[in-house]
Structures are given as C-alpha cells and as structure tokens.
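For reference, upload_0.cif (mmCIF, N, CA and C atoms):
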```cif
data_run
loop_
_atom_site.label_atom_id
_atom_site.label_comp_id
_atom_site.auth_asym_id
_atom_site.auth_seq_id
_atom_site.Cartn_x
_atom_site.Cartn_y
_atom_site.Cartn_z
N MET A 1 110.24 93.39 70.01
CA MET A 1 109.06 94.10 70.43
C MET A 1 108.76 93.71 71.87
N ALA A 2 108.53 94.70 72.70
CA ALA A 2 108.16 94.46 74.10
C ALA A 2 106.64 94.52 74.22
N ALA A 3 106.13 93.73 75.12
CA ALA A 3 104.68 93.72 75.35
C ALA A 3 104.43 93.74 76.85
N ASN A 4 103.46 94.52 77.23
CA ASN A 4 102.98 94.54 78.61
C ASN A 4 101.49 94.28 78.59
N PHE A 5 101.03 93.56 79.58
CA PHE A 5 99.60 93.42 79.81
C PHE A 5 99.26 94.27 81.03
N ILE A 6 98.12 94.90 80.98
CA ILE A 6 97.60 95.61 82.14
C ILE A 6 96.29 94.94 82.53
N VAL A 7 96.26 94.42 83.74
CA VAL A 7 95.05 93.80 84.28
C VAL A 7 94.32 94.89 85.05
N ARG A 8 93.08 95.18 84.64
CA ARG A 8 92.29 96.24 85.28
C ARG A 8 90.97 95.69 85.78
N GLU A 9 90.42 96.36 86.77
CA GLU A 9 89.06 96.09 87.27
C GLU A 9 88.87 94.62 87.66
N PHE A 10 89.86 94.05 88.33
CA PHE A 10 89.79 92.66 88.75
C PHE A 10 88.71 92.49 89.83
N ALA A 11 87.87 91.48 89.65
CA ALA A 11 86.82 91.18 90.64
C ALA A 11 86.73 89.67 90.84
N TYR A 12 86.45 89.28 92.08
CA TYR A 12 86.34 87.87 92.48
C TYR A 12 85.08 87.75 93.32
N LEU A 13 84.32 86.69 93.11
CA LEU A 13 83.09 86.47 93.86
C LEU A 13 82.96 84.99 94.16
N LYS A 14 82.71 84.67 95.44
CA LYS A 14 82.50 83.28 95.84
C LYS A 14 81.28 83.22 96.74
N TYR A 15 80.35 82.34 96.38
CA TYR A 15 79.11 82.12 97.11
C TYR A 15 79.17 80.73 97.72
N VAL A 16 78.89 80.62 99.03
CA VAL A 16 78.91 79.33 99.70
C VAL A 16 77.66 79.21 100.56
N GLY A 17 76.85 78.18 100.29
CA GLY A 17 75.67 77.92 101.11
C GLY A 17 76.07 77.24 102.41
N ALA A 18 75.37 77.60 103.49
CA ALA A 18 75.65 76.97 104.79
C ALA A 18 75.13 75.53 104.76
N PRO A 19 75.84 74.61 105.41
CA PRO A 19 75.39 73.21 105.43
C PRO A 19 73.96 73.08 105.97
N GLY A 20 73.13 72.34 105.24
CA GLY A 20 71.76 72.10 105.67
C GLY A 20 70.80 73.23 105.40
N GLN A 21 71.29 74.37 104.95
CA GLN A 21 70.43 75.53 104.71
C GLN A 21 69.95 75.61 103.27
N ILE A 22 70.87 75.40 102.36
CA ILE A 22 70.58 75.53 100.92
C ILE A 22 71.15 74.30 100.25
N ASP A 23 70.43 73.77 99.26
CA ASP A 23 70.94 72.61 98.52
C ASP A 23 72.33 72.92 98.00
N PRO A 24 73.23 71.93 98.05
CA PRO A 24 74.59 72.17 97.54
C PRO A 24 74.56 72.61 96.08
N LEU A 25 75.36 73.59 95.77
CA LEU A 25 75.46 74.10 94.41
C LEU A 25 76.81 73.73 93.83
N PRO A 26 76.92 73.74 92.51
CA PRO A 26 78.26 73.60 91.94
C PRO A 26 79.08 74.82 92.36
N ASP A 27 80.38 74.70 92.28
CA ASP A 27 81.25 75.81 92.66
C ASP A 27 80.96 77.00 91.74
N THR A 28 80.51 78.09 92.32
CA THR A 28 80.15 79.27 91.53
C THR A 28 81.20 80.38 91.63
N THR A 29 82.37 80.05 92.15
CA THR A 29 83.42 81.06 92.27
C THR A 29 83.75 81.59 90.88
N GLN A 30 83.88 82.91 90.77
CA GLN A 30 84.16 83.50 89.47
C GLN A 30 85.12 84.67 89.58
N VAL A 31 85.83 84.94 88.49
CA VAL A 31 86.67 86.12 88.37
C VAL A 31 86.31 86.83 87.07
N ALA A 32 86.58 88.13 87.06
CA ALA A 32 86.36 88.95 85.87
C ALA A 32 87.39 90.08 85.89
N PHE A 33 87.87 90.46 84.71
CA PHE A 33 88.83 91.55 84.62
C PHE A 33 88.94 92.02 83.18
N ALA A 34 89.48 93.22 83.01
CA ALA A 34 89.81 93.75 81.69
C ALA A 34 91.30 93.56 81.48
N LEU A 35 91.70 93.33 80.23
CA LEU A 35 93.10 93.10 79.90
C LEU A 35 93.50 93.99 78.73
N ASP A 36 94.49 94.86 78.96
CA ASP A 36 95.04 95.71 77.91
C ASP A 36 96.36 95.10 77.43
N ASN A 37 96.59 95.14 76.12
CA ASN A 37 97.84 94.67 75.52
C ASN A 37 98.49 95.86 74.84
N SER A 38 99.64 96.29 75.34
CA SER A 38 100.30 97.48 74.79
C SER A 38 100.84 97.25 73.38
N ALA A 39 101.29 96.04 73.08
CA ALA A 39 101.89 95.76 71.77
C ALA A 39 100.85 95.70 70.66
N ALA A 40 99.70 95.11 70.93
CA ALA A 40 98.66 94.98 69.91
C ALA A 40 97.64 96.12 70.00
N ALA A 41 97.78 96.98 71.01
CA ALA A 41 96.87 98.10 71.22
C ALA A 41 95.41 97.63 71.24
N VAL A 42 95.15 96.63 72.08
CA VAL A 42 93.81 96.08 72.15
C VAL A 42 93.45 95.82 73.62
N THR A 43 92.16 95.98 73.92
CA THR A 43 91.63 95.68 75.25
C THR A 43 90.56 94.61 75.09
N THR A 44 90.56 93.64 75.98
CA THR A 44 89.54 92.60 75.97
C THR A 44 89.07 92.36 77.39
N ALA A 45 88.03 91.56 77.52
CA ALA A 45 87.48 91.23 78.84
C ALA A 45 87.54 89.73 79.06
N CYS A 46 87.78 89.36 80.30
CA CYS A 46 87.78 87.95 80.69
C CYS A 46 86.83 87.77 81.87
N SER A 47 86.09 86.69 81.83
CA SER A 47 85.18 86.35 82.92
C SER A 47 84.95 84.86 82.86
N PHE A 48 85.16 84.17 83.98
CA PHE A 48 84.93 82.73 83.99
C PHE A 48 84.65 82.24 85.40
N ASN A 49 83.90 81.14 85.46
CA ASN A 49 83.60 80.46 86.71
C ASN A 49 84.58 79.33 86.90
N ARG A 50 84.86 79.04 88.15
CA ARG A 50 85.73 77.91 88.47
C ARG A 50 85.04 76.62 88.06
N GLY A 51 85.68 75.87 87.21
CA GLY A 51 85.09 74.62 86.75
C GLY A 51 85.27 73.51 87.76
N THR A 52 84.46 72.50 87.65
CA THR A 52 84.57 71.34 88.53
C THR A 52 85.95 70.72 88.38
N GLY A 53 86.63 70.56 89.50
CA GLY A 53 87.95 69.96 89.47
C GLY A 53 89.06 70.89 89.01
N ASP A 54 88.76 72.18 88.80
CA ASP A 54 89.79 73.13 88.37
C ASP A 54 90.66 73.50 89.57
N ASN A 55 91.90 73.08 89.53
CA ASN A 55 92.86 73.39 90.59
C ASN A 55 93.78 74.54 90.19
N GLY A 56 93.37 75.32 89.22
CA GLY A 56 94.19 76.43 88.75
C GLY A 56 94.96 76.13 87.50
N ASP A 57 94.68 74.98 86.87
CA ASP A 57 95.42 74.63 85.66
C ASP A 57 94.56 74.67 84.40
N ALA A 58 93.30 75.06 84.53
CA ALA A 58 92.41 75.12 83.36
C ALA A 58 92.51 76.50 82.70
N TRP A 59 92.63 76.51 81.37
CA TRP A 59 92.63 77.76 80.61
C TRP A 59 91.21 78.05 80.14
N TYR A 60 90.77 79.28 80.31
CA TYR A 60 89.43 79.70 79.91
C TYR A 60 89.53 80.74 78.80
N PRO A 61 88.68 80.64 77.79
CA PRO A 61 88.72 81.64 76.72
C PRO A 61 88.17 82.98 77.20
N CYS A 62 88.76 84.03 76.69
CA CYS A 62 88.29 85.39 76.96
C CYS A 62 87.69 85.94 75.66
N GLY A 63 87.27 87.18 75.68
CA GLY A 63 86.71 87.78 74.48
C GLY A 63 87.75 87.94 73.39
N ASP A 64 87.41 87.55 72.16
CA ASP A 64 88.29 87.77 71.01
C ASP A 64 88.08 89.18 70.48
N ARG A 65 89.13 89.77 69.96
CA ARG A 65 89.06 91.10 69.36
C ARG A 65 89.69 91.05 67.98
N LYS A 66 89.35 92.02 67.14
CA LYS A 66 89.92 92.13 65.79
C LYS A 66 90.87 93.32 65.74
N ILE A 67 91.99 93.12 65.04
CA ILE A 67 92.91 94.22 64.74
C ILE A 67 93.17 94.22 63.25
N GLU A 68 93.59 95.38 62.74
CA GLU A 68 93.94 95.48 61.33
C GLU A 68 95.45 95.52 61.19
N ALA A 69 95.96 94.86 60.16
CA ALA A 69 97.39 94.86 59.87
C ALA A 69 97.57 95.07 58.38
N THR A 70 98.60 95.81 58.02
CA THR A 70 98.92 96.03 56.62
C THR A 70 99.84 94.90 56.15
N THR A 71 99.44 94.26 55.08
CA THR A 71 100.24 93.17 54.51
C THR A 71 100.63 93.51 53.08
N THR A 72 101.62 92.83 52.59
CA THR A 72 102.06 93.01 51.21
C THR A 72 101.57 91.82 50.40
N SER A 73 100.84 92.12 49.33
CA SER A 73 100.31 91.05 48.48
C SER A 73 101.41 90.46 47.61
N ALA A 74 101.10 89.37 46.93
CA ALA A 74 102.06 88.72 46.03
C ALA A 74 102.51 89.67 44.93
N SER A 75 101.66 90.60 44.53
CA SER A 75 102.01 91.56 43.47
C SER A 75 102.78 92.77 44.02
N GLY A 76 102.99 92.80 45.35
CA GLY A 76 103.76 93.89 45.95
C GLY A 76 102.91 95.03 46.49
N GLY A 77 101.60 94.96 46.31
CA GLY A 77 100.73 96.02 46.82
C GLY A 77 100.44 95.87 48.31
N GLN A 78 100.02 96.96 48.92
CA GLN A 78 99.68 96.97 50.34
C GLN A 78 98.19 96.68 50.50
N GLU A 79 97.88 95.83 51.45
CA GLU A 79 96.47 95.50 51.74
C GLU A 79 96.23 95.55 53.23
N GLN A 80 95.03 95.97 53.62
CA GLN A 80 94.62 95.95 55.02
C GLN A 80 93.91 94.63 55.28
N GLU A 81 94.36 93.91 56.28
CA GLU A 81 93.76 92.64 56.65
C GLU A 81 93.29 92.73 58.10
N GLN A 82 92.23 92.00 58.42
CA GLN A 82 91.77 91.90 59.80
C GLN A 82 92.19 90.55 60.37
N TYR A 83 92.70 90.59 61.60
CA TYR A 83 93.12 89.38 62.28
C TYR A 83 92.50 89.35 63.67
N THR A 84 92.28 88.15 64.16
CA THR A 84 91.69 87.98 65.48
C THR A 84 92.78 87.91 66.54
N VAL A 85 92.57 88.66 67.62
CA VAL A 85 93.42 88.57 68.80
C VAL A 85 92.74 87.58 69.74
N LYS A 86 93.39 86.45 69.95
CA LYS A 86 92.85 85.37 70.81
C LYS A 86 93.45 85.50 72.20
N THR A 87 92.60 85.41 73.21
CA THR A 87 93.03 85.57 74.60
C THR A 87 92.47 84.44 75.44
N SER A 88 93.28 83.95 76.38
CA SER A 88 92.80 82.99 77.37
C SER A 88 93.48 83.29 78.70
N ALA A 89 92.90 82.78 79.77
CA ALA A 89 93.44 83.04 81.10
C ALA A 89 93.19 81.83 82.00
N ARG A 90 94.02 81.72 83.03
CA ARG A 90 93.78 80.73 84.08
C ARG A 90 94.06 81.41 85.41
N PHE A 91 93.47 80.86 86.47
CA PHE A 91 93.61 81.48 87.78
C PHE A 91 93.84 80.39 88.81
N GLU A 92 94.94 80.51 89.54
CA GLU A 92 95.22 79.57 90.62
C GLU A 92 94.46 80.07 91.84
N TRP A 93 93.29 79.47 92.05
CA TRP A 93 92.27 79.96 92.97
C TRP A 93 92.77 80.14 94.40
N ASP A 94 93.61 79.27 94.90
CA ASP A 94 94.06 79.36 96.29
C ASP A 94 95.30 80.24 96.46
N ARG A 95 96.02 80.49 95.36
CA ARG A 95 97.26 81.28 95.44
C ARG A 95 97.11 82.67 94.84
N TRP A 96 95.99 82.96 94.20
CA TRP A 96 95.71 84.27 93.58
C TRP A 96 96.67 84.57 92.43
N VAL A 97 97.13 83.52 91.75
CA VAL A 97 98.03 83.71 90.62
C VAL A 97 97.22 83.71 89.32
N LEU A 98 97.36 84.77 88.56
CA LEU A 98 96.66 84.94 87.29
C LEU A 98 97.65 84.80 86.15
N ALA A 99 97.31 83.97 85.18
CA ALA A 99 98.13 83.81 83.97
C ALA A 99 97.26 84.19 82.77
N VAL A 100 97.85 84.91 81.84
CA VAL A 100 97.14 85.27 80.61
C VAL A 100 98.03 84.95 79.42
N ARG A 101 97.39 84.59 78.32
CA ARG A 101 98.14 84.39 77.07
C ARG A 101 97.29 84.95 75.94
N GLN A 102 97.99 85.45 74.95
CA GLN A 102 97.31 86.12 73.85
C GLN A 102 98.14 85.93 72.60
N SER A 103 97.45 85.81 71.45
CA SER A 103 98.16 85.74 70.17
C SER A 103 97.51 86.72 69.21
N TRP A 104 98.34 87.34 68.35
CA TRP A 104 97.88 88.32 67.39
C TRP A 104 98.88 88.40 66.25
N VAL A 105 98.55 89.16 65.22
CA VAL A 105 99.40 89.34 64.05
C VAL A 105 99.92 90.77 64.07
N CYS A 106 101.21 90.94 63.76
CA CYS A 106 101.83 92.27 63.74
C CYS A 106 102.19 92.69 62.32
N GLY A 107 101.81 93.90 61.96
CA GLY A 107 102.23 94.48 60.69
C GLY A 107 102.09 93.54 59.52
N GLY A 108 103.12 93.48 58.66
CA GLY A 108 103.07 92.65 57.47
C GLY A 108 103.39 91.19 57.72
N ASN A 109 103.68 90.84 58.96
CA ASN A 109 104.01 89.45 59.27
C ASN A 109 102.72 88.70 59.59
N VAL A 110 102.35 87.74 58.78
CA VAL A 110 101.09 87.02 59.01
C VAL A 110 101.23 85.85 59.98
N SER A 111 102.46 85.58 60.44
CA SER A 111 102.64 84.57 61.48
C SER A 111 102.27 85.19 62.82
N PRO A 112 101.46 84.52 63.60
CA PRO A 112 101.02 85.13 64.86
C PRO A 112 102.16 85.26 65.87
N VAL A 113 102.03 86.30 66.67
CA VAL A 113 102.91 86.53 67.81
C VAL A 113 102.13 86.07 69.03
N SER A 114 102.79 85.39 69.95
CA SER A 114 102.13 84.94 71.17
C SER A 114 102.86 85.54 72.37
N ALA A 115 102.10 85.88 73.39
CA ALA A 115 102.68 86.41 74.62
C ALA A 115 101.97 85.77 75.80
N GLN A 116 102.74 85.54 76.86
CA GLN A 116 102.20 85.01 78.10
C GLN A 116 102.73 85.83 79.26
N ALA A 117 101.93 85.94 80.30
CA ALA A 117 102.34 86.67 81.49
C ALA A 117 101.71 86.04 82.71
N LEU A 118 102.35 86.24 83.83
CA LEU A 118 101.92 85.64 85.09
C LEU A 118 102.11 86.68 86.19
N THR A 119 101.12 86.82 87.07
CA THR A 119 101.24 87.74 88.19
C THR A 119 100.44 87.22 89.37
N THR A 120 100.84 87.62 90.55
CA THR A 120 100.08 87.30 91.76
C THR A 120 99.25 88.52 92.11
N MET A 121 97.94 88.36 92.13
CA MET A 121 97.04 89.46 92.47
C MET A 121 97.11 89.74 93.97
N GLN A 122 96.86 90.97 94.34
CA GLN A 122 96.89 91.39 95.74
C GLN A 122 95.46 91.73 96.16
N PRO A 123 94.69 90.73 96.60
CA PRO A 123 93.25 90.97 96.82
C PRO A 123 92.94 91.75 98.09
N ASP A 124 91.84 92.47 98.01
CA ASP A 124 91.22 93.13 99.16
C ASP A 124 89.82 92.54 99.23
N CYS A 125 89.53 91.76 100.28
CA CYS A 125 88.30 90.97 100.33
C CYS A 125 87.39 91.37 101.49
N GLN A 126 86.10 91.22 101.25
CA GLN A 126 85.08 91.36 102.28
C GLN A 126 84.18 90.15 102.19
N THR A 127 83.73 89.66 103.36
CA THR A 127 82.82 88.52 103.40
C THR A 127 81.54 88.94 104.12
N SER A 128 80.42 88.60 103.50
CA SER A 128 79.10 88.83 104.10
C SER A 128 78.52 87.48 104.45
N ASP A 129 77.92 87.36 105.65
CA ASP A 129 77.37 86.09 106.10
C ASP A 129 75.94 86.32 106.57
N THR A 130 75.00 85.54 106.03
CA THR A 130 73.59 85.68 106.41
C THR A 130 73.13 84.56 107.32
N GLY A 131 73.95 83.58 107.58
CA GLY A 131 73.52 82.39 108.30
C GLY A 131 73.12 81.29 107.34
N SER A 132 72.51 81.66 106.21
CA SER A 132 72.14 80.69 105.17
C SER A 132 73.22 80.54 104.12
N TYR A 133 73.98 81.59 103.91
CA TYR A 133 75.05 81.57 102.91
C TYR A 133 76.06 82.67 103.25
N SER A 134 77.23 82.57 102.63
CA SER A 134 78.23 83.63 102.72
C SER A 134 78.68 83.99 101.32
N ILE A 135 79.03 85.25 101.17
CA ILE A 135 79.54 85.75 99.90
C ILE A 135 80.87 86.45 100.17
N LYS A 136 81.89 85.99 99.46
CA LYS A 136 83.20 86.62 99.55
C LYS A 136 83.42 87.42 98.27
N GLN A 137 83.65 88.71 98.41
CA GLN A 137 83.88 89.60 97.27
C GLN A 137 85.26 90.21 97.41
N CYS A 138 86.03 90.17 96.33
CA CYS A 138 87.38 90.71 96.36
C CYS A 138 87.62 91.57 95.12
N THR A 139 88.45 92.56 95.30
CA THR A 139 88.98 93.35 94.19
C THR A 139 90.50 93.31 94.33
N ALA A 140 91.19 93.77 93.32
CA ALA A 140 92.64 93.86 93.38
C ALA A 140 93.07 95.09 92.59
N PRO A 141 94.18 95.72 93.00
CA PRO A 141 94.66 96.88 92.25
C PRO A 141 95.04 96.50 90.82
N ASP A 142 94.95 97.46 89.92
CA ASP A 142 95.40 97.24 88.55
C ASP A 142 96.87 96.84 88.57
N ALA A 143 97.26 95.97 87.66
CA ALA A 143 98.63 95.46 87.62
C ALA A 143 99.18 95.49 86.21
N THR A 144 100.38 96.02 86.04
CA THR A 144 101.09 95.96 84.76
C THR A 144 102.12 94.86 84.85
N ILE A 145 102.03 93.91 83.90
CA ILE A 145 102.93 92.77 83.93
C ILE A 145 103.61 92.60 82.57
N GLY A 146 104.91 92.37 82.63
CA GLY A 146 105.67 92.15 81.41
C GLY A 146 105.32 90.79 80.82
N ALA A 147 105.19 90.75 79.52
CA ALA A 147 104.81 89.51 78.84
C ALA A 147 106.02 88.90 78.14
N ASP A 148 106.11 87.59 78.18
CA ASP A 148 107.13 86.85 77.45
C ASP A 148 106.60 86.55 76.06
N LEU A 149 107.33 86.97 75.04
CA LEU A 149 106.92 86.75 73.65
C LEU A 149 107.47 85.44 73.12
N ASP A 150 106.63 84.71 72.40
CA ASP A 150 107.04 83.45 71.77
C ASP A 150 107.36 83.71 70.30
#
```

Represent the supplied structure as structure tokens.
Amino acid sequence: MAANFIVREFAYLKYVGAPGQIDPLPDTTQVAFALDNSAAAVTTACSFNRGTGDNGDAWYPCGDRKIEATTTSASGGQEQEQYTVKTSARFEWDRWVLAVRQSWVCGGNVSPVSAQALTTMQPDCQTSDTGSYSIKQCTAPDATIGADLD
C-alpha cells in the first residue's frame, strides 16, 4: 500500500519584542497546517508552539481522527470497528524541515500501520516591525510527500 501526505495551508508566525521595549516572553513561534493522508482517507490539523529548548527534535501531537474498518470476528462475521488515527509532527525551525508521522488501522488487519514523511517547506515570509516588536509571518505552498510505511 502506498501512502502520500499532503501538507496544506501551512502557516508560521514568530513574535519578537524589541530589547527594553517589552518584557521578554517565552518563544511564541508557532506553525499550523492541515494534513491529508491518502491511504487512510483522513484529514487532520496540526498546530504547535516552539517549546523551550526545542531545536527541531521535539514531536508534538496533532488532532486525532477516527476511521472505520471492517473486521472479521472469531465466529467469522463481519463487524465495523472504529479506530483512532494518531498524528504527530516536528519542525526543524531553522531549516524549515517538517516531519509527520501517523498510525492507523487498515481493513480487517487490527495491527496498526505507521507512516512517516519528511519535507523541506518553501516559505514566503513577510516581517512587520513597529519599533516595539516584530512579527514574521510565513506561508508555504501545499506539498505532497511520499510516506515511508512501517
């Protein structure tokens, strides 16, 4: 089974106070995007702030989704079961590298399938500066990335 992820509506926001103007804040840099999975036919959303000390190696949970799968019971009958599609993502903040991983159940197989993908986003950024603070806002084109199945 082949799987592709489609990253859509990618957004990046970074707020920085000017020295001496505004009390120092924790790092409020954040990313948000929608993620489509062609194999599981599911779309989820991811949004997270850069954590303290996150150098691009922290995984953040995204929204979980439910899918239905037909399973065969011990007596041989068909049953509809609901399973959770678990998604997480990490972002290498200085290199614009986005990694996503997702696990779900396919058909009658109750063992989860896992997929991971990695892509470098191509940002288009604008910075606004007020003298007291600056805001960097970026978007990136939608990206289709092949996923490695585990």

Task: Lys66 of chain A environment, 7 Å, only N, CA and C atoms, sequence neighbours closer than 2 positions dropped, as a ChimeraX atom specification - done: /A:64,68,82-85

Task: Hits from the PyMOL selection byres (((chain A and resi 144 and name CA) around 10) and name CA), listed as a list in words - done: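 Here the PyMOL selection byres (((chain A and resi 144 and name CA) around 10) and name CA) matches Asn4, Phe5, Ile6, Val7, Arg8, Leu35, Asp36, Asn37, Ala117, Thr119, Pro141, Asp142, Ala143, Ile145, Gly146 and Ala147 of chain A.
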
Task: Result set, the PyMOL selection byres (((chain A and resi 137 and name CA) around 8) and name CA) on current file, as a PyMOL selection string - done: chain A and resi 11-14+125-127+135-136+138-139

Quick one: residues within 7 Å of Asp54 of chain A, all atoms listed in the file counted, chain neighbours fewer than 4 positions away excluded, as an mmCIF file with N, CA and C atoms, in the frame of the given file?
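Writing the result to out-v8.cif gives the following:
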```
data_model
loop_
_atom_site.group_PDB
_atom_site.id
_atom_site.type_symbol
_atom_site.label_atom_id
_atom_site.label_comp_id
_atom_site.auth_asym_id
_atom_site.auth_seq_id
_atom_site.Cartn_x
_atom_site.Cartn_y
_atom_site.Cartn_z
ATOM 1 N N ARG A 50 84.860 79.040 88.150
ATOM 2 C CA ARG A 50 85.730 77.910 88.470
ATOM 3 C C ARG A 50 85.040 76.620 88.060
ATOM 4 N N ALA A 58 93.300 75.060 84.530
ATOM 5 C CA ALA A 58 92.410 75.120 83.360
ATOM 6 C C ALA A 58 92.510 76.500 82.700
ATOM 7 N N TRP A 93 93.290 79.470 92.050
ATOM 8 C CA TRP A 93 92.270 79.960 92.970
ATOM 9 C C TRP A 93 92.770 80.140 94.400
#
```

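Between atom CA of Thr52 of chain A and atom CA of Pro19 of chain A there is a distance of 19.3 Å.
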
Open item on the list: As a check of understanding, name the residues that the PyMOL selection byres (((chain A and resi 130 and name CA) around 12) and name CA) selects in the supplied structure, as number ranges by chain.
Closed with: A: 15-18, 21-22, 127-129, 131-136

May I have the residues from that selection written out with N, CA and C atoms, as a compact mmCIF listing (two decimals), in the frame of the given file?
```
# COMPACT_ATOMS: atom_id res chain seq x y z
N TYR A 15 80.35 82.34 96.38
CA TYR A 15 79.11 82.12 97.11
C TYR A 15 79.17 80.73 97.72
N VAL A 16 78.89 80.62 99.03
CA VAL A 16 78.91 79.33 99.70
C VAL A 16 77.66 79.21 100.56
N GLY A 17 76.85 78.18 100.29
CA GLY A 17 75.67 77.92 101.11
C GLY A 17 76.07 77.24 102.41
N ALA A 18 75.37 77.60 103.49
CA ALA A 18 75.65 76.97 104.79
C ALA A 18 75.13 75.53 104.76
N GLN A 21 71.29 74.37 104.95
CA GLN A 21 70.43 75.53 104.71
C GLN A 21 69.95 75.61 103.27
N ILE A 22 70.87 75.40 102.36
CA ILE A 22 70.58 75.53 100.92
C ILE A 22 71.15 74.30 100.25
N THR A 127 83.73 89.66 103.36
CA THR A 127 82.82 88.52 103.40
C THR A 127 81.54 88.94 104.12
N SER A 128 80.42 88.60 103.50
CA SER A 128 79.10 88.83 104.10
C SER A 128 78.52 87.48 104.45
N ASP A 129 77.92 87.36 105.65
CA ASP A 129 77.37 86.09 106.10
C ASP A 129 75.94 86.32 106.57
N GLY A 131 73.95 83.58 107.58
CA GLY A 131 73.52 82.39 108.30
C GLY A 131 73.12 81.29 107.34
N SER A 132 72.51 81.66 106.21
CA SER A 132 72.14 80.69 105.17
C SER A 132 73.22 80.54 104.12
N TYR A 133 73.98 81.59 103.91
CA TYR A 133 75.05 81.57 102.91
C TYR A 133 76.06 82.67 103.25
N SER A 134 77.23 82.57 102.63
CA SER A 134 78.23 83.63 102.72
C SER A 134 78.68 83.99 101.32
N ILE A 135 79.03 85.25 101.17
CA ILE A 135 79.54 85.75 99.90
C ILE A 135 80.87 86.45 100.17
N LYS A 136 81.89 85.99 99.46
CA LYS A 136 83.20 86.62 99.55
C LYS A 136 83.42 87.42 98.27
```

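Here atom CA of Gln122 of chain A stands at a distance of 14.9 Å from atom C of Gln30 of chain A.
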